[in-house]
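J.: One structure, as structure tokens, below. Some questions next.
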Amino acid sequence: MATSASGINFTGLASGVDTSSIVTQLMSIERAPLTRMSNDMSVENARKAALQDISTKLLSLRTSADSLRSIPFWAGTPHGSSGDDSSYSLSVTSGAPKASYQIQVKQLATGEVWAHNATSGVRDFAAAMAGLNTFAGKTTALTSLTDGTGASLGLQVGQQISMSGLQGGAAYASATPFTVTATSTLDDLRSWIQGQVPGSTISIETGGRIRVKSPVGSDQEMTSLALSTGGAAAAFDTAFGTSAQVGPAATGDGKIDADDTLHITAGGVTANVVVTTGMSMAQVATAVNASNGGVIATVVDGKLRLSAKDTGVTGGTVAITSDGATATALGFTKIVAAQNAVVGIDGVDQQSESNAPTTLIAGATLILKQTSALASTGSTDPTWVDRDDAAKRASDFVDAYNSVMDTITARVTEQKVRQADAQTLSDLQKGVLFNSSALQTVQSSLREALADTIAGLAPGSNLANDVGISTGTAASTLDQDAIAGRLKFDAAKFAAAFATDRDSVKDLLTRDGATAADDGIAQRISDLTLNFTKTGGVVAAAIDGSTDQVKRIQDQIDQMNLRLDAREAALKAQFTAMETAIAQLKSAGDGLTSSLSSLNANNGSN
């Protein structure tokens with residue numbers, strides 16, 4: 001039940017009139033202008049949002065224009081290009097001239113490589129059979145091995161196999177036995193032998209023969225090798241009880257045979273490396289590398305290899321001596337000679353001790369990779385500009401320009417909807433920028449900036465179209481994009497102009513002249529978009545005007561709400577007073593009626 005602010009009921013109980021409904025209807029009539037103002041507010045907010053969207057797109061266009069006219073970008077960076085990347089590359093400094101060369105790598109610089117003289121001994125066990133006339137393979141189970149007639153060699157699960165012989169003429173026995181399992185194969189046996197002789201290479205050859213290649217050096221050669229189960233499988237012991245030498249016997253030393261000091265001279269320094277009796281070649285290599293001298297030590301196929309760190313006939317030579325007989329015992333042999341690099345530059349051969357010469361090409365390091373059969377063109381440019389990057393910046397600029405033009409066109413051509421015809425708030429918000437003179441000024445200014453020539457530049461390089469930025473050919477093809485004033489970007493035309501005269505492309509895009517007529521197109525667009533969006537600019541001013549209008553409408557709405565609240569309170573007070581008066585009159589009438597009734601009753605009784 002509705003009540004007044006004072007808590008007195010005014011719903012018409014006294015008068016019989018629905019005063020609350022009357023107040024509501026009266027206020028609804030008086031609030032009609034408020035609804036119109038709220039609609040006006042929504043329309044003005046839509047106009048402001050549309051202008052802010054255009055401002056944002058103009059700022060994006062300015063960002064693209066600034067990227068396209070970037071002074072650091074067009075200043076370039078030192079760069080070298082190679083006509084044969086697999087053969088050489090160029091690392092260029094700012095001191096290099098802009099030049100090109102015919103370059104052919106004819107010989108790479110090398111440093112000496114020395115390897116110690118030692119070979120391995122090789123022995124084969126007899127062929128392994130897996131049945132009559134069938135040779136065993138890697139996956140043949142050991143329990144399936146037979147002799148040539150197909151009779152089993154007697155290997156059983158749980159039996160153990162050991163290996164014995166001589167190493168360097170001294171008795172040898174395997175450290176641990178091999179235990180036969182149900183799944184043990186010939187390859188498992190091979191792997192076990194490998195583990196028993198560090199530095200060896202064990203393989204399974206044709207006919208199932210197990211081949212043992214000893215570590216290098218006669219002091220490490222394996223001879224008189226035999227495999228045995230200790231009589232548990234007599235046939236196996238017979239078949240594998242001997243091995244035969246394959247090829248020549250091992251030569252050289254595989255380990256250091258006496259304490260000594262190696263003196264290794266390379267790169268102008270001598271490293272003194274202490275070696276001790278029994279050191280393997282891997283251990284010697286570790287000691288050499290720890291000295292941080294002029295060579296790099298490696299072990300290849302069991303042989304110690306010393307490679308000069310430097311290259312060339314001066315710095316790349318290596319000399320190896322020792323206090324005792326170690327250098328002689330190891331018998332080092334030069335397997336790679338030191339030589340200078342030879343590079344043909346413009347038909348003249350030049351030499352370098354390094355594969356990264358800094359003096360053959362002015363202001364550049366020529367990095368040699370491999371020899372080439374033909375010369376190719378290499379170039380240096382201290383102010384190189386990436387053509388692909390420039391094209392991407394130009395394309396982004398065109399896209400940002402088209403986004404601005406599309407948005408403005410859509411806004412200025414969108415028809416308004418009369419309030420009487422509007423069905424929704426969205427209908428009312430249409431056409432908020434229809435035929436906007438401010439936006440039409442923006443469009444025409446941008447179009448003129450792109451279409452006008454750049455004063456002071458030669459014909460053929462003074463129009464945007466000369467670098468592939470144009471509105472197309474609307475007249476001949478009825479290109480709707482061209483008719484709408486949208487730009488197109490011809491990447492091929494841009495690339496051709498860039499290749500022909502990069503500086504002219506730069507001027508056409510970036511020139512900052514005394515007047516707008518002298519400015520390049522990116523400079524013009526940057527200036528225009530700044531002027532449009534800065535405080536007082538045509539777009540910024542329109543946004544500010546819309547903001548002010550929104551505030552004015554809001555102020556009017558606030559003031560009207562105050563008046564309407566006061567009016568509603570007054571009406572409620574009036575109707576409350578009326579109800580109170582009527583209630584009082586009714587109460588007085590009821591009292592009078594009661595008094596008259598009592599009087600009449602008293603008179604009748606007398």
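In the structure tokens, chains take the letters A, B, ... in the order shown, each chain's residues start at 1, and ligands count up from 1 in the order shown.
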Got a sec: who's within 9 Å of Ala226 of chain A, counting only C-alpha atoms, leaving out chain neighbours fewer than 4 positions off, as a ChimeraX atom specification?

T.: /A:125,162-165,237,240-243

J.: Per DSSP on the backbone, filter segment 399-433 of chain A down to the residues in helix (DSSP H, G or I) and report them as JSON, numbers by chain.

T.: {"A": [399, 400, 401, 402, 403, 404, 405, 406, 407, 408, 409, 410, 411, 412, 413, 425, 426, 427, 428]}

J.: For a test of reading the model, state the distance in Å between atom CA of Asp124 of chain A and atom CA of Thr206 of chain A, rounded to one decimal.

T.: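 Computed distance, atom CA of Asp124 of chain A to atom CA of Thr206 of chain A, equals 10.9 Å.
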
J.: Using atom CA of Ser184 of chain A and atom CA of Leu142 of chain A as the two end points, give the distance in Å to one decimal.

T.: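 So the two atoms, atom CA of Ser184 of chain A and atom CA of Leu142 of chain A, lie 5.9 Å apart.
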
J.: I want to know what sits within 8 Å of Ala394 of chain A, based on only C-alpha atoms, with residues of the same chain fewer than 3 positions away left out; could you give that as a list in words?

T.: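 So, after excluding close chain neighbours, the residues are Leu68, Ala390, Ala391, Phe397, Val398 and Phe489 of chain A.
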
J.: Would you output that residue set with N, CA, C and O atoms, as an mmCIF file, in the first residue's frame?

T.:
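Result file is again32.cif:
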```cif
data_model
loop_
_atom_site.group_PDB
_atom_site.id
_atom_site.type_symbol
_atom_site.label_atom_id
_atom_site.label_comp_id
_atom_site.auth_asym_id
_atom_site.auth_seq_id
_atom_site.Cartn_x
_atom_site.Cartn_y
_atom_site.Cartn_z
ATOM 1 N N LEU A 68 57.213 4.046 -41.192
ATOM 2 C CA LEU A 68 57.661 4.100 -42.580
ATOM 3 C C LEU A 68 58.687 5.208 -42.795
ATOM 4 O O LEU A 68 59.567 5.083 -43.654
ATOM 5 N N ALA A 390 61.217 -2.750 -45.313
ATOM 6 C CA ALA A 390 60.661 -1.506 -45.840
ATOM 7 C C ALA A 390 59.327 -1.757 -46.525
ATOM 8 O O ALA A 390 58.363 -0.992 -46.357
ATOM 9 N N ALA A 391 59.254 -2.836 -47.304
ATOM 10 C CA ALA A 391 58.008 -3.177 -47.993
ATOM 11 C C ALA A 391 56.905 -3.506 -46.992
ATOM 12 O O ALA A 391 55.735 -3.135 -47.178
ATOM 13 N N PHE A 397 51.335 0.574 -43.663
ATOM 14 C CA PHE A 397 50.867 1.952 -43.809
ATOM 15 C C PHE A 397 49.609 2.004 -44.666
ATOM 16 O O PHE A 397 48.630 2.674 -44.314
ATOM 17 N N VAL A 398 49.631 1.291 -45.780
ATOM 18 C CA VAL A 398 48.457 1.250 -46.675
ATOM 19 C C VAL A 398 47.261 0.650 -45.955
ATOM 20 O O VAL A 398 46.139 1.160 -46.056
ATOM 21 N N PHE A 489 48.730 -1.543 -52.647
ATOM 22 C CA PHE A 489 50.187 -1.605 -52.539
ATOM 23 C C PHE A 489 50.713 -2.635 -53.519
ATOM 24 O O PHE A 489 50.371 -3.816 -53.458
#
```

J.: As a PyMOL selection string, please: the residues near segment 150-158 of chain A (cut-off 10 Å, only C-alpha atoms, same-chain neighbours under 3 positions excluded).

T.: chain A and resi 128-134+141-147+161+178-184+229+232-239
